[in-house]
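Text of data_5.cif, listed as mmCIF, C-alpha atoms:
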data_work
loop_
_atom_site.label_atom_id
_atom_site.label_comp_id
_atom_site.auth_asym_id
_atom_site.auth_seq_id
_atom_site.Cartn_x
_atom_site.Cartn_y
_atom_site.Cartn_z
CA MET Y 1 23.90 2.17 15.30
CA ASN Y 2 20.86 2.30 17.52
CA GLN Y 3 20.56 -0.40 20.12
CA ALA Y 4 17.47 -1.79 21.82
CA ARG Y 5 17.01 0.15 25.07
CA PRO Y 6 14.90 -0.64 28.12
CA ASP Y 7 11.39 0.80 27.90
CA SER Y 8 7.84 -0.43 28.33
CA LYS Y 9 8.03 -2.65 25.22
CA PRO Y 10 9.47 -6.18 25.19
CA LEU Y 11 12.97 -6.43 23.72
CA TYR Y 12 11.76 -8.18 20.57
CA ALA Y 13 9.30 -5.32 19.93
CA GLN Y 14 12.08 -2.76 20.41
CA ALA Y 15 14.28 -4.70 17.99
CA GLU Y 16 11.43 -4.96 15.47
CA ALA Y 17 10.86 -1.20 15.68
CA ILE Y 18 14.55 -0.50 15.03
CA LEU Y 19 14.63 -2.84 12.02
CA THR Y 20 11.41 -1.34 10.66
CA ARG Y 21 12.88 2.14 10.94
CA ARG Y 22 15.97 1.06 9.04
CA ILE Y 23 13.85 -0.27 6.20
CA ALA Y 24 11.68 2.87 6.22
CA GLU Y 25 14.70 5.17 6.10
CA GLY Y 26 16.32 3.24 3.26
CA PHE Y 27 19.21 1.80 5.28
CA TRP Y 28 18.30 -1.45 3.52
CA ALA Y 29 16.74 -0.92 0.12
CA PRO Y 30 13.87 -3.06 -1.22
CA GLY Y 31 15.32 -6.37 -2.36
CA ALA Y 32 18.48 -6.01 -0.25
CA MET Y 33 19.70 -8.85 1.94
CA ILE Y 34 19.80 -8.04 5.64
CA PRO Y 35 22.56 -9.31 7.96
CA PRO Y 36 22.33 -12.76 9.58
CA GLU Y 37 20.59 -13.10 12.93
CA PRO Y 38 23.81 -13.45 14.98
CA ASP Y 39 25.21 -10.24 13.48
CA LEU Y 40 22.00 -8.31 14.18
CA ALA Y 41 21.86 -9.70 17.70
CA ALA Y 42 25.42 -8.58 18.45
CA GLU Y 43 24.79 -5.14 16.98
CA LEU Y 44 21.53 -4.60 18.88
CA GLY Y 45 22.80 -6.10 22.11
CA VAL Y 46 20.08 -8.74 22.34
CA SER Y 47 19.92 -12.52 22.02
CA PRO Y 48 19.60 -14.30 18.65
CA GLY Y 49 16.21 -15.55 19.84
CA THR Y 50 15.02 -11.97 20.33
CA VAL Y 51 16.17 -11.06 16.81
CA ARG Y 52 14.47 -14.17 15.41
CA LYS Y 53 11.20 -13.11 17.04
CA ALA Y 54 11.59 -9.56 15.71
CA LEU Y 55 12.22 -10.88 12.21
CA GLY Y 56 9.15 -13.08 12.54
CA GLY Y 57 7.10 -9.94 13.17
CA LEU Y 58 8.53 -8.26 10.09
CA GLU Y 59 7.76 -11.35 8.03
CA ARG Y 60 4.15 -11.45 9.22
CA ARG Y 61 3.85 -7.80 8.18
CA ARG Y 62 5.31 -8.76 4.77
CA LEU Y 63 8.25 -6.38 5.16
CA ILE Y 64 10.84 -9.12 4.69
CA GLU Y 65 10.96 -12.48 2.97
CA ARG Y 66 13.09 -15.49 3.76
CA ARG Y 67 14.59 -17.39 0.82
CA GLN Y 68 15.62 -20.94 1.59
CA GLY Y 69 19.39 -21.30 1.47
CA ARG Y 70 19.93 -17.67 0.46
CA GLY Y 71 19.05 -15.48 3.43
CA THR Y 72 16.53 -12.82 4.45
CA PHE Y 73 15.66 -9.92 2.14
CA VAL Y 74 13.70 -6.69 2.36
CA ALA Y 75 10.43 -7.28 0.52
CA ALA Y 76 9.98 -5.34 -2.70
CA HIS Y 77 6.56 -4.55 -4.11
CA THR Y 78 5.86 -6.16 -7.47
CA SER Y 79 2.62 -5.74 -9.39
CA GLU Y 80 1.70 -9.34 -8.54
CA ARG Y 81 2.49 -8.87 -4.85
CA ALA Y 82 0.60 -5.58 -4.63
CA LEU Y 83 -2.45 -7.06 -6.35
CA PHE Y 84 -2.42 -10.14 -4.11
CA HIS Y 85 -2.31 -8.16 -0.88
CA PHE Y 86 -4.28 -5.01 -1.73
CA PHE Y 87 -6.68 -5.80 -4.60
CA ARG Y 88 -9.77 -7.39 -3.06
CA ILE Y 89 -12.05 -7.66 -6.08
CA THR Y 90 -13.15 -11.04 -7.44
CA ALA Y 91 -15.54 -12.27 -10.11
CA LEU Y 92 -18.77 -13.94 -9.04
CA ASP Y 93 -17.07 -17.32 -9.43
CA GLY Y 94 -14.48 -16.30 -6.83
CA GLN Y 95 -11.62 -15.94 -9.31
CA ARG Y 96 -9.28 -13.01 -8.77
CA ARG Y 97 -8.28 -11.54 -12.15
CA ALA Y 98 -5.71 -8.82 -12.66
CA PRO Y 99 -7.26 -5.50 -13.70
CA THR Y 100 -6.05 -3.13 -16.39
CA SER Y 101 -5.92 0.57 -15.54
CA HIS Y 102 -6.27 3.75 -17.58
CA VAL Y 103 -5.46 7.16 -16.13
CA LEU Y 104 -8.27 9.65 -16.74
CA GLU Y 105 -6.86 12.62 -14.82
CA CYS Y 106 -3.64 13.47 -12.96
CA ALA Y 107 -3.05 16.93 -11.49
CA THR Y 108 -1.52 18.70 -8.51
CA VAL Y 109 -4.04 20.85 -6.66
CA ALA Y 110 -4.60 22.61 -3.36
CA ALA Y 111 -6.29 20.17 -1.00
CA SER Y 112 -9.79 20.86 0.24
CA ALA Y 113 -10.49 20.31 3.93
CA GLU Y 114 -12.06 16.94 3.10
CA GLU Y 115 -9.04 15.87 1.04
CA ALA Y 116 -6.46 17.13 3.54
CA ALA Y 117 -7.73 15.72 6.83
CA PRO Y 118 -7.31 11.96 6.15
CA LEU Y 119 -3.70 12.57 5.06
CA GLY Y 120 -2.82 14.69 8.09
CA LEU Y 121 -2.47 17.79 5.93
CA ALA Y 122 -3.77 21.33 6.24
CA GLU Y 123 -6.39 22.72 3.90
CA GLY Y 124 -4.61 24.22 0.89
CA ASP Y 125 -1.57 21.94 1.07
CA PRO Y 126 -0.65 20.55 -2.38
CA VAL Y 127 -1.86 17.06 -3.23
CA HIS Y 128 -1.63 14.96 -6.37
CA ARG Y 129 -5.13 14.01 -7.47
CA VAL Y 130 -5.61 11.01 -9.76
CA LYS Y 131 -8.70 9.55 -11.38
CA ARG Y 132 -8.49 6.24 -13.19
CA GLY Y 133 -10.77 3.58 -14.60
CA ARG Y 134 -10.07 -0.11 -14.18
CA MET Y 135 -11.30 -3.03 -16.25
CA VAL Y 136 -11.51 -6.67 -15.20
CA GLY Y 137 -12.00 -9.30 -17.88
CA GLY Y 138 -12.48 -6.55 -20.45
CA ALA Y 139 -15.40 -4.94 -18.60
CA ALA Y 140 -15.27 -1.50 -16.98
CA CYS Y 141 -16.26 -2.05 -13.37
CA ILE Y 142 -14.05 0.17 -11.19
CA LEU Y 143 -13.57 3.92 -10.91
CA GLU Y 144 -10.95 5.26 -8.51
CA ARG Y 145 -9.98 8.66 -7.13
CA ILE Y 146 -6.62 8.88 -5.38
CA TRP Y 147 -4.95 11.65 -3.38
CA LEU Y 148 -1.26 11.80 -2.43
CA PRO Y 149 0.61 14.42 -0.37
CA ALA Y 150 2.80 16.23 -2.88
CA ALA Y 151 5.60 16.65 -0.32
CA ARG Y 152 6.02 12.87 -0.10
CA PHE Y 153 5.74 12.35 -3.87
CA PRO Y 154 7.71 15.16 -5.56
CA GLY Y 155 7.40 15.14 -9.32
CA PHE Y 156 4.70 12.47 -9.30
CA ALA Y 157 2.98 12.13 -12.68
CA LEU Y 158 1.06 9.50 -14.62
CA PRO Y 159 0.43 9.29 -18.38
CA VAL Y 160 -3.17 10.43 -18.90
CA GLY Y 161 -5.10 8.38 -21.43
CA ARG Y 162 -2.66 5.48 -21.40
CA GLU Y 163 -2.73 2.05 -19.79
CA MET Y 164 -0.62 1.69 -16.67
CA THR Y 165 1.98 -1.07 -16.77
CA ASP Y 166 2.82 -1.14 -13.04
CA GLU Y 167 0.71 -1.04 -9.92
CA LEU Y 168 0.77 2.28 -8.08
CA TYR Y 169 2.33 0.74 -4.98
CA VAL Y 170 5.26 -0.41 -7.11
CA LEU Y 171 5.71 3.15 -8.42
CA TYR Y 172 5.49 4.61 -4.91
CA GLN Y 173 8.30 2.36 -3.67
CA ARG Y 174 10.50 2.45 -6.75
CA ASP Y 175 10.26 6.15 -7.62
CA HIS Y 176 9.53 7.81 -4.28
CA ALA Y 177 10.88 5.42 -1.60
CA VAL Y 178 7.41 5.10 -0.07
CA THR Y 179 6.47 1.55 0.88
CA ILE Y 180 2.83 0.83 1.66
CA ALA Y 181 2.75 -1.36 4.76
CA ARG Y 182 -0.96 -1.52 5.51
CA ALA Y 183 -4.32 0.00 4.65
CA GLU Y 184 -7.60 0.71 6.40
CA GLU Y 185 -10.85 0.53 4.44
CA ARG Y 186 -14.46 1.48 5.04
CA LEU Y 187 -17.29 0.24 2.84
CA ALA Y 188 -20.59 1.86 1.95
CA ALA Y 189 -23.40 1.27 -0.53
CA ILE Y 190 -24.08 4.35 -2.66
CA ALA Y 191 -26.00 5.42 -5.77
CA ALA Y 192 -23.87 6.31 -8.80
CA ALA Y 193 -23.59 10.00 -9.59
CA PRO Y 194 -24.34 10.79 -13.24
CA ASP Y 195 -20.71 11.44 -14.27
CA ASP Y 196 -19.42 8.30 -12.51
CA ALA Y 197 -22.23 6.20 -13.93
CA ALA Y 198 -21.39 7.33 -17.46
CA LEU Y 199 -17.75 6.29 -17.05
CA LEU Y 200 -18.84 2.86 -15.84
CA GLY Y 201 -21.51 2.44 -18.51
CA LEU Y 202 -24.33 2.49 -15.95
CA ALA Y 203 -27.52 4.41 -15.43
CA ALA Y 204 -27.40 7.31 -12.99
CA GLY Y 205 -28.38 6.07 -9.54
CA ALA Y 206 -27.18 2.51 -10.16
CA PRO Y 207 -25.93 0.80 -6.98
CA LEU Y 208 -22.19 0.90 -6.34
CA LEU Y 209 -19.93 -0.27 -3.55
CA GLU Y 210 -17.74 2.57 -2.25
CA ILE Y 211 -14.42 1.49 -0.73
CA ALA Y 212 -12.67 4.33 1.11
CA ARG Y 213 -9.03 3.48 1.85
CA ILE Y 214 -6.25 5.17 3.78
CA ALA Y 215 -2.85 3.57 3.12
CA PHE Y 216 0.05 3.91 5.56
CA ASP Y 217 3.81 3.75 5.10
CA LEU Y 218 6.33 1.79 7.20
CA GLN Y 219 6.29 4.46 9.89
CA ASP Y 220 2.50 4.31 10.03
CA ARG Y 221 1.98 7.70 8.40
CA PRO Y 222 -0.99 8.15 6.03
CA VAL Y 223 0.34 8.58 2.49
CA GLU Y 224 -2.59 7.75 0.24
CA ARG Y 225 -6.32 8.35 0.29
CA ARG Y 226 -8.25 6.30 -2.24
CA VAL Y 227 -11.96 6.05 -2.98
CA THR Y 228 -12.91 3.11 -5.19
CA LEU Y 229 -16.33 2.72 -6.76
CA LEU Y 230 -17.19 -0.85 -7.74
CA ASP Y 231 -20.02 -2.06 -9.96
CA THR Y 232 -21.06 -5.24 -8.13
CA ALA Y 233 -23.21 -6.65 -10.94
CA ALA Y 234 -20.44 -9.11 -11.82
CA HIS Y 235 -17.84 -8.55 -9.11
CA ARG Y 236 -17.53 -8.74 -5.34
CA TYR Y 237 -15.28 -7.35 -2.64
CA ILE Y 238 -13.63 -10.10 -0.58
CA ALA Y 239 -11.92 -9.90 2.79
CA ASN Y 240 -9.97 -12.69 4.50
CA LEU Y 241 -10.33 -12.76 8.27
CA ASP Y 242 -7.28 -14.49 9.76
#
Whole structure, structure tokens version:
Amino acid sequence: MNQARPDSKPLYAQAEAILTRRIAEGFWAPGAMIPPEPDLAAELGVSPGTVRKALGGLERRRLIERRQGRGTFVAAHTSERALFHFFRITALDGQRRAPTSHVLECATVAASAEEAAPLGLAEGDPVHRVKRGRMVGGAACILERIWLPAARFPGFALPVGREMTDELYVLYQRDHAVTIARAEERLAAIAAAPDDAALLGLAAGAPLLEIARIAFDLQDRPVERRVTLLDTAAHRYIANLD
């Protein structure tokens, strides 16, 4: 097994990097219990306090979860967990309601330069392209376009025209061993294009909030590009600044 080695990083950061890599490479599967702190410390050649600090970093990043009296486990994405951490849309009253999703398109295509660059791909590389509509409280208010590198998601497919029963991040982890660890988003106010407006039941040119997201895996590689269009007439985007 790898051991923490002297470099420019503190020992706890080296230990955290090793444990992260093990999770990313599937050494411990989602939901698996990881060894106790003394065992990890002996294996890595560091103190139990160093391991405890490394595990604290993994917990803050939501990669592990501690269960009182049971041990420490690799965090597994559930639909509820994915929605809580990555779905930032609320009603005007501040209530966060789970959306329903219908797949409108799902195809594998050659990436354009614009599609390829955010994912670290070359123009022409295959990507899975998804378009879906989302409803909150029975009202259509979200339209999403999603791009995935086909090499990371072999055989990826979604049932067009049907309601999705699981969040995408659950499917990524369960079916393709890709865990989303974090995401970066940029917001912009735009006018609805005619086709998008029709899908949302709006007039062409209606104001929308555009949320452009790049999601990263456990090894900090970009694995998803997502552009969300939100009708803000009855909903808002919320961000918590900790």
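Distances to His128 (chain Y) were evaluated for Y:Glu184, Y:Pro10, Y:Arg225, Y:Gly45 using all atoms listed in the file, and the minimum falls at Y:Arg225.
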Legend entry - Selection dump of the PyMOL selection byres ((chain Y and resi 162-168) around 7), as a ChimeraX atom specification: /Y:79,82,101-103,159-161,169-172
For the file shown, what are the residues hit by the PyMOL selection byres ((chain Y and resi 199-214) around 10), laid out as an MDAnalysis selection string?
chainID Y and resid 118:119 133:135 139:147 182:198 215:216 221:233 236:237
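Shortest separation to Gly57 (chain Y) among Y:Phe73, Y:Ala15, Y:Arg132, Y:Asp220 occurs at residue Y:Ala15, atoms counted being only C-alpha atoms.
With CA of Ala110 (chain Y) on one side and CA of Asp125 (chain Y) on the other, the separation reads 5.4 Å.
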List, as a PDB file with C-alpha atoms, in the frame of the given file, every residue that the PyMOL selection byres ((chain Y and resi 87) around 10) selects in the file provided.
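Here's the written file expr-v7.pdb:
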ATOM      1  CA  GLU Y  80       1.700  -9.340  -8.540  1.00  0.00           C
ATOM      2  CA  ARG Y  81       2.490  -8.870  -4.850  1.00  0.00           C
ATOM      3  CA  ALA Y  82       0.600  -5.580  -4.630  1.00  0.00           C
ATOM      4  CA  LEU Y  83      -2.450  -7.060  -6.350  1.00  0.00           C
ATOM      5  CA  PHE Y  84      -2.420 -10.140  -4.110  1.00  0.00           C
ATOM      6  CA  HIS Y  85      -2.310  -8.160  -0.880  1.00  0.00           C
ATOM      7  CA  PHE Y  86      -4.280  -5.010  -1.730  1.00  0.00           C
ATOM      8  CA  ARG Y  88      -9.770  -7.390  -3.060  1.00  0.00           C
ATOM      9  CA  ILE Y  89     -12.050  -7.660  -6.080  1.00  0.00           C
ATOM     10  CA  THR Y  90     -13.150 -11.040  -7.440  1.00  0.00           C
ATOM     11  CA  ARG Y  96      -9.280 -13.010  -8.770  1.00  0.00           C
ATOM     12  CA  ARG Y  97      -8.280 -11.540 -12.150  1.00  0.00           C
ATOM     13  CA  ALA Y  98      -5.710  -8.820 -12.660  1.00  0.00           C
ATOM     14  CA  PRO Y  99      -7.260  -5.500 -13.700  1.00  0.00           C
ATOM     15  CA  TYR Y 237     -15.280  -7.350  -2.640  1.00  0.00           C
ATOM     16  CA  ILE Y 238     -13.630 -10.100  -0.580  1.00  0.00           C
ATOM     17  CA  ALA Y 239     -11.920  -9.900   2.790  1.00  0.00           C
TER      18      ALA Y 239
END
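Excluding Ile64 (chain Y) itself and any same-chain residue fewer than 5 positions from it, the protein and nucleic acid residues within 8 Å of it, counting all atoms listed in the file, are Leu55, Leu58, Glu59, Thr72, Phe73, Val74 and Ala75 of chain Y.
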Taken to one decimal, the CA of Val127 (chain Y)-CA of Ala150 (chain Y) distance is 4.7 Å
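Taking CA of Leu241 (chain Y) and CA of Arg61 (chain Y) as endpoints, the distance between them is 15.0 Å.
Distances to Glu16 (chain Y) were evaluated for Y:Arg66, Y:Arg60, Y:His235, Y:His176 using all atoms listed in the file, and the minimum falls at Y:Arg60.
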Using only C-alpha atoms, give me every residue within 12 Å of (-5.7, 24.5, -3.0) in file coordinates, as a short mmCIF file (atom, residue, chain, number, x, y, z; two decimals) with C-alpha atoms, in the frame of the given file.
data_model
loop_
_atom_site.label_atom_id
_atom_site.label_comp_id
_atom_site.auth_asym_id
_atom_site.auth_seq_id
_atom_site.Cartn_x
_atom_site.Cartn_y
_atom_site.Cartn_z
CA ALA Y 107 -3.05 16.93 -11.49
CA THR Y 108 -1.52 18.70 -8.51
CA VAL Y 109 -4.04 20.85 -6.66
CA ALA Y 110 -4.60 22.61 -3.36
CA ALA Y 111 -6.29 20.17 -1.00
CA SER Y 112 -9.79 20.86 0.24
CA ALA Y 113 -10.49 20.31 3.93
CA GLU Y 114 -12.06 16.94 3.10
CA GLU Y 115 -9.04 15.87 1.04
CA ALA Y 116 -6.46 17.13 3.54
CA LEU Y 121 -2.47 17.79 5.93
CA ALA Y 122 -3.77 21.33 6.24
CA GLU Y 123 -6.39 22.72 3.90
CA GLY Y 124 -4.61 24.22 0.89
CA ASP Y 125 -1.57 21.94 1.07
CA PRO Y 126 -0.65 20.55 -2.38
CA VAL Y 127 -1.86 17.06 -3.23
CA HIS Y 128 -1.63 14.96 -6.37
CA ARG Y 129 -5.13 14.01 -7.47
CA ALA Y 150 2.80 16.23 -2.88
#
